[in-house]
Amino acid sequence: MQQNDHQRLYFLDWIRIFAFFVLIFYHTGMYYVSWGWHVKSPYASTAIEPLMLLSSPWRLGLLFMISGVATAFMLKKIRVGALLKQRSWRLLVPLVFGMLVIVPPQSYFEVIEKLNYAGSYGDFMRLYVSGYHGFCKEGSCLDLPTWNHLWFVVYLWAYTLLIGAVAAMAGAARLRSWSDALGRRLTGWKIIALPVLALYAARYALAEYFPETHALVNDWYNHAHYFFLFGLGVMLALQSGFWANVDRLRWTSLGLWLFSWAVMVCLHTMPDAIGDLPVITQLKPLLRLIFCVGQWAPIAAICGFGHRHLNFDSAKRRYLTEAVFPVYILHQTLIVSMAHWLKPVKMAPGTEGAVLVVLTFVLSFGIFEVVRRVAVLRPLFGLGRATSQKPAYAPQDQAATVSHAL
């Protein structure tokens, strides 16, 4: 094993914090773009969509990979059964609570804006918990109850079960040998090329036949994408040589990320008539490959720069590491609710967007400050008992909590 037993991967905590905070900006942006979402601004347009494309191909893949890394460290310290029990408690309790309490306002404001629903929130909740499927528009019906943005939690739980089963059947020694073998092979240009090729194979084989649903079932392309990155995190967590090599390739990865983004922006803004030309059709395999570069190169770049500049501990890291999961649970409902309530104010979109971001951060952290102090609320937001926090991703320390792993 290449891992130095005294090395702590603090930089992955900082990256995870960064990735979750990007979601606040991204989901605020979803209110203003032309893509479908729960509520839409009257000023919605394509103007900021190129900025959205800077993170949309990779941000969740990065989180799944980091979750895989944390899972590997947990497997190193506790038995598979204990891991699955802990993950199930820390993920499924917030999921159920979220679906019954946090998420419903998103669907309520959605049916108000899209279907002119006139019932009260109490009326809506009676329909919501009964599994009502009559909120339909243009042949598409709203599935209730729903987990909306909490689909990530469901997928992480399912992937943990799969990895747990593999670990139980293979045994620690074999899992370690697989990790070492992968660490030896992923060096130099292969660090970029091989994951891209794996992502390309998944996209080529599945993307057209299984569009993303976030419904867990029949979402095979997303599973091929996200479970691959989750498994990659598990296998490479303890390979210090891999992280050092990613560090050395950080500028190359950054260049490939920006190149792929520029190509995606050109394709996104291209008129449909040009997109249907035979020459564009013939280039589709190459364009798919470039898209997959945009799925992996940003992850490699961010991990490389993080390894170089963020591999340190601090009180801020420990605080934010605990805060990000409750903030994640809350943020989208806050954005949707405030966007709906602010419509009559008729602020300029730039000002309104800034207000939404600021209020989402302030309210999310304000609620977190209450939650972390009330023992009965902590498990509802994925927090363990209020004890002194262990450094995340520390091989010689107690396993990281699931709030770290998210």
# chains A, B, ... in the order shown; residues from 1 in each chain; ligands from 1
$ select_by_dssp --residues "stretch 284-406 of chain A" --states "helix (DSSP H, G or I)" --output "VMD selection string"
chain A and resid 284 to 309 315 to 345 349 to 371 378 to 381 402 to 405
$ residues_around --residues "stretch 251-258 of chain A" --least-positions-apart "6" --cutoff "8 Å" --atoms "only C-alpha atoms" --output "PyMOL selection string"
chain A and resi 192+293-294+297-298+300-301
$ select_by_dssp --residues "stretch 37-190 of chain A" --states "strand (DSSP E or B)" --output "VMD selection string"
chain A and resid 45 136 to 137 140 to 141
$ closest_atom_pairs --of "stretch 209-287 of chain A" --to "stretch 44-57 of chain A" --cutoff "9 Å" --atoms "only C-alpha atoms" --output "CSV"
residue,atom,partner,partner_atom,distance
A:Trp257,CA,A:Leu54,CA,8.7
A:Leu258,CA,A:Leu54,CA,8.3
A:Trp261,CA,A:Leu54,CA,6.3
A:Ala262,CA,A:Pro50,CA,8.7
A:Met264,CA,A:Leu53,CA,7.6
A:Val265,CA,A:Pro50,CA,5.7
A:His268,CA,A:Pro50,CA,8.1
A:Thr269,CA,A:Pro50,CA,8.6
$ closest_residue --among "A:Phe25, A:Trp14, A:Phe228, A:Phe109" --to "A:Lys40" --atoms "only C-alpha atoms"
A:Phe109
$ residues_around --residues "A:Leu162" --least-positions-apart "6" --cutoff "10 Å" --atoms "only C-alpha atoms" --output "list of chain:residue names"
A:Leu156, A:Ala168, A:Phe227, A:Gly231
$ residues_around --residues "A:Phe152" --least-positions-apart "6" --cutoff "10 Å" --atoms "only C-alpha atoms" --output "list of chain:residue names"
A:Leu60, A:Leu63, A:Phe64, A:Leu95, A:Ala158, A:His214, A:Leu216, A:Tyr226, A:Leu406
$ write_last_selection --atoms "C-alpha atoms" --output "PDB file, in the first residue's frame"
ATOM      1  CA  LEU A  60     -21.906  15.561  -8.376  1.00  0.00           C
ATOM      2  CA  LEU A  63     -18.962  14.412  -4.489  1.00  0.00           C
ATOM      3  CA  PHE A  64     -19.505  10.731  -5.225  1.00  0.00           C
ATOM      4  CA  LEU A  95     -34.034  11.207   3.770  1.00  0.00           C
ATOM      5  CA  ALA A 158     -27.303   2.260  -2.457  1.00  0.00           C
ATOM      6  CA  HIS A 214     -32.779  10.380 -10.313  1.00  0.00           C
ATOM      7  CA  LEU A 216     -32.861   5.080  -8.488  1.00  0.00           C
ATOM      8  CA  TYR A 226     -21.644   7.943 -10.485  1.00  0.00           C
ATOM      9  CA  LEU A 406     -21.106  13.049   2.073  1.00  0.00           C
TER      10      LEU A 406
END
$ atom_distance --atom1 "atom CA of A:Leu380" --atom2 "atom CA of A:Phe97"
6.2 Å
$ residues_around --residues "A:Glu113" --least-positions-apart "4" --cutoff "12 Å" --atoms "only C-alpha atoms" --output "VMD selection string"
chain A and resid 37 to 42 106 to 109 117 to 118 135 137 336 to 337 339 to 341 343
$ residues_around --residues "stretch 200-203 of chain A" --least-positions-apart "3" --cutoff "10 Å" --atoms "only C-alpha atoms" --output "PyMOL selection string"
chain A and resi 194-197+206-210+220-225+228+285-286+288-293+295
$ atom_distance --atom1 "atom CA of A:Gly81" --atom2 "atom CA of A:Ile163"
11.7 Å
$ atom_distance --atom1 "atom CA of A:Val358" --atom2 "atom CA of A:Ile335"
10.3 Å
